[in-house]
file run.cif (mmCIF, C-alpha atoms)
data_target
loop_
_atom_site.label_atom_id
_atom_site.label_comp_id
_atom_site.auth_asym_id
_atom_site.auth_seq_id
_atom_site.Cartn_x
_atom_site.Cartn_y
_atom_site.Cartn_z
CA MET A 653 0.00 0.00 0.00
CA GLU A 654 1.07 3.57 -0.57
CA LYS A 655 1.53 6.13 2.20
CA SER A 656 -1.91 7.71 1.71
CA ALA A 657 -3.62 4.31 1.92
CA TRP A 658 -1.73 3.47 5.12
CA LEU A 659 -2.64 6.82 6.70
CA GLN A 660 -6.26 6.30 5.80
CA TRP A 661 -6.12 2.75 7.20
CA PHE A 662 -4.67 3.88 10.56
CA HIS A 663 -7.23 6.66 10.96
CA ARG A 664 -10.21 4.49 10.00
CA ASN A 665 -9.22 1.31 11.81
CA CYS A 666 -7.58 2.68 14.94
CA ASN A 667 -10.03 5.58 15.35
CA PRO A 668 -7.52 7.59 17.43
CA ARG A 669 -8.75 9.96 20.14
CA ASN A 670 -6.24 12.51 18.83
CA TYR A 671 -3.69 13.00 16.08
CA LEU A 672 -0.41 14.91 15.99
CA GLN A 673 1.40 15.58 12.73
CA ILE A 674 4.92 17.03 12.69
CA GLY A 675 5.53 18.53 9.26
CA VAL A 676 2.35 19.66 7.53
CA ASP A 677 3.53 21.05 4.20
CA THR A 678 0.39 21.41 2.04
CA GLY A 679 -1.90 19.67 4.53
CA THR A 680 -2.64 16.69 2.28
CA ASP A 681 -1.99 14.12 5.03
CA LEU A 682 -4.26 15.96 7.48
CA GLN A 683 -7.22 15.11 5.26
CA PHE A 684 -7.10 11.50 6.43
CA ALA A 685 -7.87 12.41 10.05
CA LEU A 686 -11.46 11.65 11.01
CA SER A 687 -13.74 14.65 11.44
CA ASN A 688 -14.18 13.93 15.17
CA THR A 689 -10.43 13.56 15.88
CA PRO A 690 -8.76 16.56 17.55
CA THR A 691 -5.73 17.23 15.35
CA ILE A 692 -2.63 19.37 15.70
CA GLY A 693 -0.30 19.96 12.79
CA VAL A 694 3.10 21.48 13.56
CA ASP A 695 5.12 23.22 10.85
CA ASN A 696 7.23 26.36 10.99
CA SER A 697 6.26 27.28 7.41
CA PRO A 698 3.15 25.43 6.25
CA ALA A 699 1.96 25.90 2.68
CA LEU A 700 -1.63 24.74 3.14
CA GLU A 701 -3.58 23.87 0.03
CA HIS A 702 -6.43 22.12 1.83
CA LYS A 703 -9.14 23.44 4.12
CA LEU A 704 -8.82 22.46 7.77
CA LEU A 705 -11.69 20.90 9.70
CA ASP A 706 -13.03 22.67 12.79
CA ASN A 707 -11.13 20.34 15.13
CA GLN A 708 -7.81 20.76 13.29
CA GLN A 709 -5.25 23.41 14.08
CA ILE A 710 -1.87 24.33 12.69
CA VAL A 711 0.82 25.53 15.07
CA GLU A 712 3.37 27.55 13.11
CA THR A 713 6.58 26.84 15.00
CA THR A 714 9.41 24.36 15.13
CA SER A 715 8.62 21.00 16.67
CA ASP A 716 11.15 21.63 19.46
CA ASP A 717 9.38 24.87 20.41
CA PHE A 718 6.00 23.17 20.11
CA PHE A 719 6.90 20.43 22.56
CA ALA A 720 8.38 23.00 24.96
CA SER A 721 5.05 24.91 24.96
CA ASN A 722 2.96 22.12 26.59
CA THR A 723 0.32 22.54 23.88
CA ILE A 724 -0.36 18.79 23.81
CA GLU A 725 -1.75 18.68 27.34
CA LYS A 726 -3.75 21.86 26.76
CA THR A 727 -5.31 20.58 23.54
CA PHE A 728 -5.54 16.81 23.87
CA GLY A 729 -5.78 16.51 27.65
CA ASP A 730 -4.51 12.98 27.15
CA LYS A 731 -1.68 10.95 25.71
CA ILE A 732 -0.95 11.14 21.99
CA GLU A 733 -2.73 8.27 20.31
CA LEU A 734 -1.53 8.62 16.70
CA ALA A 735 1.38 10.70 15.43
CA LEU A 736 3.06 11.21 12.09
CA VAL A 737 6.58 12.58 11.81
CA ASN A 738 6.39 13.68 8.19
CA ASN A 739 9.20 14.16 5.70
CA VAL A 740 11.97 12.72 7.86
CA ASN A 741 15.04 14.05 6.12
CA ASP A 742 16.84 15.32 9.20
CA CYS A 743 17.47 12.19 11.28
CA GLU A 744 18.61 14.20 14.28
CA GLN A 745 15.37 16.17 14.34
CA ALA A 746 13.32 13.01 13.81
CA ILE A 747 14.97 11.38 16.84
CA ARG A 748 14.23 14.47 18.96
CA ASP A 749 10.63 14.48 17.71
CA PHE A 750 10.28 10.80 18.59
CA ILE A 751 11.67 11.41 22.09
CA ASN A 752 9.19 14.25 22.62
CA ILE A 753 6.26 12.25 21.29
CA GLU A 754 7.19 9.34 23.54
CA LEU A 755 7.09 11.63 26.59
CA HIS A 756 3.38 12.11 25.80
CA SER A 757 2.57 8.51 24.94
CA ASP A 758 1.71 5.10 26.28
CA LYS A 759 2.19 1.55 24.99
CA ASP A 760 -0.76 1.91 22.58
CA THR A 761 0.49 5.10 20.93
CA ILE A 762 1.25 4.64 17.25
CA VAL A 763 4.00 6.71 15.63
CA LEU A 764 4.36 6.75 11.86
CA LEU A 765 7.62 8.00 10.37
CA ASP A 766 7.68 9.17 6.75
CA GLY A 767 10.75 9.92 4.66
CA ASP A 768 14.32 8.73 5.08
CA VAL A 769 13.42 6.52 8.03
CA GLN A 770 15.99 3.71 7.88
CA LYS A 771 18.63 5.41 10.04
CA VAL A 772 16.02 6.42 12.60
CA LEU A 773 14.71 2.85 12.73
CA HIS A 774 18.24 1.51 13.12
CA VAL A 775 18.80 3.77 16.13
CA LEU A 776 15.45 2.82 17.67
CA LYS A 777 16.17 -0.87 17.15
CA ARG A 778 19.62 -0.55 18.74
CA TYR A 779 18.67 1.55 21.75
CA ARG A 780 15.06 0.49 22.23
CA PRO A 781 14.64 -3.19 21.35
CA ASP A 782 11.39 -3.13 23.33
CA LEU A 783 9.70 -1.04 20.62
CA THR A 784 7.65 -2.64 17.84
CA LEU A 785 9.18 -1.48 14.53
CA ARG A 786 7.90 -2.21 11.04
CA THR A 787 8.59 -0.80 7.59
CA LEU A 788 5.22 -0.33 5.90
CA THR A 789 6.33 0.81 2.49
CA THR A 790 9.37 2.56 1.12
CA GLY A 791 9.86 5.58 3.35
CA LEU A 792 7.03 4.84 5.81
CA ALA A 793 7.48 3.08 9.14
CA PHE A 794 5.32 2.08 12.11
CA VAL A 795 6.44 2.22 15.76
CA ASN A 796 4.49 1.35 18.88
CA ASN A 797 4.86 -0.11 22.36
CA LEU A 798 6.23 3.25 23.51
CA SER A 799 6.91 4.09 27.14
CA ALA A 800 6.62 7.66 28.42
CA GLY A 801 8.93 6.81 31.30
CA SER A 802 11.80 5.47 29.22
CA PRO A 803 14.89 7.71 29.52
CA VAL A 804 17.04 5.60 27.16
CA LEU A 805 16.93 7.77 24.03
CA GLU A 806 17.21 11.09 25.82
CA THR A 807 20.02 9.83 28.06
CA ASN A 808 21.97 8.56 25.05
CA LEU A 809 21.09 11.37 22.65
CA SER A 810 24.63 12.71 22.19
CA ASN A 811 25.94 9.20 21.40
CA ILE A 812 23.00 8.58 19.06
CA LEU A 813 23.64 11.80 17.15
CA GLU A 814 27.31 10.89 16.71
CA GLU A 815 26.36 7.40 15.49
CA LEU A 816 23.83 8.67 12.94
CA VAL A 817 26.68 9.57 10.60
CA THR A 818 27.76 5.92 10.23
CA VAL A 819 24.42 4.14 10.55
CA PRO A 820 23.73 1.86 7.57
CA ASP A 821 20.45 1.95 5.69
CA GLU A 822 18.54 -1.23 6.43
CA GLU A 823 14.94 -2.27 6.11
CA ILE A 824 13.45 -3.22 9.48
CA ASN A 825 10.76 -5.93 9.61
CA PRO A 826 8.97 -5.08 6.36
CA VAL A 827 5.20 -5.54 6.43
CA ASP A 828 3.58 -7.46 3.62
CA ASN A 829 -0.06 -6.88 4.56
CA VAL A 830 -2.48 -5.26 6.97
CA GLU A 831 -2.74 -8.44 9.04
CA ASP A 832 0.89 -7.95 10.15
CA ILE A 833 0.00 -4.54 11.60
CA ILE A 834 -3.16 -5.86 13.25
CA LYS A 835 -1.02 -8.45 15.06
CA CYS A 836 1.27 -5.66 16.30
CA LEU A 837 -1.71 -3.78 17.70
CA GLU A 838 -3.20 -6.72 19.60
#
call {"tool": "encode", "arguments": {"input": "run.cif", "output": "structure tokens"}}
result
Amino acid sequence: MEKSAWLQWFHRNCNPRNYLQIGVDTGTDLQFALSNTPTIGVDNSPALEHKLLDNQQIVETTSDDFFASNTIEKTFGDKIELALVNNVNDCEQAIRDFINIELHSDKDTIVLLDGDVQKVLHVLKRYRPDLTLRTLTTGLAFVNNLSAGSPVLETNLSNILEELVTVPDEEINPVDNVEDIIKCLE
């Protein structure tokens, strides 16, 4: 399946209580959120081409500043249930975004990573073998079984950032069909 089909599948089948998207760009991916799902899109320079629903908001800032603002608790009042880190081209930033999302998560939180995800997955596999990691399609990955109390990534962040330079590209547990993801969610 393509990215858009996977996003649609996660929104329809998981019916998340809330949705966070880091990297909004034109807003195309926000369209897959259900109309009753409170949604926050974070982008320091969005170029929206799609109309937002009443329960969707764009926060024009960097993701680091967004997480520092405590907007998640104010808006969602709960843990993040579904998140997309979009257009992962800066692995360092993607790792920091993942750390921040995990601080506001629980074991059922689903994080989707889109873009150049292989190095990020390699780091997560190495430092957090307790996470469930799957490659959904080229450039799209699924992570769950998060733990808000895990200090591992943040504690090792400087080592992780140094290692990113030499991390090989590798495909992590590729998914062949939807049933593989359903098993991960059970």
call {"tool": "resolve_selection", "arguments": {"input": "run.cif", "expression": "the PyMOL selection byres ((chain A and resi 706-716) around 9)", "output": "list in words"}}
result
Ile674, Gly675, Val676, Leu682, Ala685, Ser687, Asn688, Thr689, Pro690, Thr691, Ile692, Gly693, Val694, Asp695, Asn696, Ser697, Pro698, Leu704, Leu705, Asp717, Phe718, Phe719, Ala720, Ser721, Gln745, Arg748, Asp749 and Asn752 of chain A
call {"tool": "atom_distance", "arguments": {"input": "run.cif", "atom1": "atom CA of Ala735 of chain A", "atom2": "atom CA of Thr678 of chain A"}}
result
17.2 Å
call {"tool": "residues_around", "arguments": {"input": "run.cif", "residues": "Ile732 of chain A", "least_positions_apart": "6", "cutoff": "10 Å", "atoms": "all atoms listed in the file", "output": "MDAnalysis selection string"}}
result
chainID A and resid 668:672 724:725 753:758 760:763
call {"tool": "closest_residue", "arguments": {"input": "run.cif", "among": "A:Asn796, A:Thr680, A:Asn739, A:Asn667", "to": "Asp768 of chain A", "atoms": "all atoms listed in the file"}}
result
A:Asn739
call {"tool": "resolve_selection", "arguments": {"input": "run.cif", "expression": "the PyMOL selection byres ((chain A and resi 808) around 12)", "output": "number ranges by chain"}}
result
A: 747-748, 751, 775-776, 778-780, 802-807, 809-815
call {"tool": "resolve_selection", "arguments": {"input": "run.cif", "expression": "the PyMOL selection byres ((chain A and resi 771) around 12)", "output": "MDAnalysis selection string"}}
result
chainID A and resid 740:744 746:747 765 767:770 772:778 791 793 812:813 815:824
call {"tool": "atom_distance", "arguments": {"input": "run.cif", "atom1": "atom CA of Arg664 of chain A", "atom2": "atom CA of Lys726 of chain A"}}
result
25.0 Å
call {"tool": "atom_distance", "arguments": {"input": "run.cif", "atom1": "atom CA of Leu798 of chain A", "atom2": "atom CA of Gln660 of chain A"}}
result
21.9 Å
call {"tool": "closest_residue", "arguments": {"input": "run.cif", "among": "A:Ala699, A:Leu764, A:Glu654, A:Leu788", "to": "Glu831 of chain A", "atoms": "all atoms listed in the file"}}
result
A:Leu788
call {"tool": "closest_residue", "arguments": {"input": "run.cif", "among": "A:Met653, A:Trp658, A:Asp782, A:Lys703", "to": "Phe794 of chain A", "atoms": "all atoms listed in the file"}}
result
A:Trp658
call {"tool": "axis_aligned_box", "arguments": {"input": "run.cif", "around": "segment 783-792 of chain A", "padding_each_side": "6 Å", "output": "AutoDock Vina command-line options"}}
result
--center_x 7.5 --center_y 1.5 --center_z 10.9 --size_x 16.6 --size_y 20.2 --size_z 31.5
call {"tool": "decode", "arguments": {"input": "run.cif", "residues": "segment 693-712 of chain A", "atoms": "N, CA and C atoms", "output": "tab-separated table (two decimals), in the first residue's frame"}}
result
chain	number	residue	atom	x	y	z
A	693	GLY	N	-1.37	20.04	13.77
A	693	GLY	CA	-0.30	19.96	12.79
A	693	GLY	C	0.76	21.00	13.15
A	694	VAL	N	2.01	20.59	13.17
A	694	VAL	CA	3.10	21.48	13.56
A	694	VAL	C	4.02	21.67	12.36
A	695	ASP	N	4.24	22.92	11.99
A	695	ASP	CA	5.12	23.22	10.85
A	695	ASP	C	5.52	24.69	10.96
A	696	ASN	N	6.81	24.96	10.86
A	696	ASN	CA	7.23	26.36	10.99
A	696	ASN	C	6.97	27.18	9.73
A	697	SER	N	6.64	26.53	8.62
A	697	SER	CA	6.26	27.28	7.41
A	697	SER	C	5.32	26.44	6.55
A	698	PRO	N	4.09	26.24	7.03
A	698	PRO	CA	3.15	25.43	6.25
A	698	PRO	C	2.74	26.15	4.96
A	699	ALA	N	2.42	25.36	3.97
A	699	ALA	CA	1.96	25.90	2.68
A	699	ALA	C	0.63	25.24	2.36
A	700	LEU	N	-0.35	25.45	3.24
A	700	LEU	CA	-1.63	24.74	3.14
A	700	LEU	C	-2.33	24.96	1.81
A	701	GLU	N	-2.78	23.86	1.26
A	701	GLU	CA	-3.58	23.87	0.03
A	701	GLU	C	-4.93	23.24	0.26
A	702	HIS	N	-5.19	22.81	1.50
A	702	HIS	CA	-6.43	22.12	1.83
A	702	HIS	C	-7.08	22.79	3.04
A	703	LYS	N	-8.38	22.83	3.03
A	703	LYS	CA	-9.14	23.44	4.12
A	703	LYS	C	-9.06	22.54	5.36
A	704	LEU	N	-8.87	23.19	6.51
A	704	LEU	CA	-8.82	22.46	7.77
A	704	LEU	C	-10.23	22.24	8.31
A	705	LEU	N	-10.43	21.15	9.01
A	705	LEU	CA	-11.69	20.90	9.70
A	705	LEU	C	-11.72	21.73	10.97
A	706	ASP	N	-12.89	21.86	11.58
A	706	ASP	CA	-13.03	22.67	12.79
A	706	ASP	C	-12.16	22.18	13.94
A	707	ASN	N	-11.90	20.88	14.01
A	707	ASN	CA	-11.13	20.34	15.13
A	707	ASN	C	-9.64	20.20	14.79
A	708	GLN	N	-9.22	20.80	13.69
A	708	GLN	CA	-7.81	20.76	13.29
A	708	GLN	C	-7.19	22.14	13.45
A	709	GLN	N	-5.97	22.14	13.95
A	709	GLN	CA	-5.25	23.41	14.08
A	709	GLN	C	-3.81	23.24	13.64
A	710	ILE	N	-3.27	24.30	13.08
A	710	ILE	CA	-1.87	24.33	12.69
A	710	ILE	C	-1.14	25.24	13.66
A	711	VAL	N	-0.04	24.74	14.19
A	711	VAL	CA	0.82	25.53	15.07
A	711	VAL	C	2.07	25.84	14.26
A	712	GLU	N	2.24	27.13	13.94
A	712	GLU	CA	3.37	27.55	13.11
A	712	GLU	C	4.58	27.81	14.00
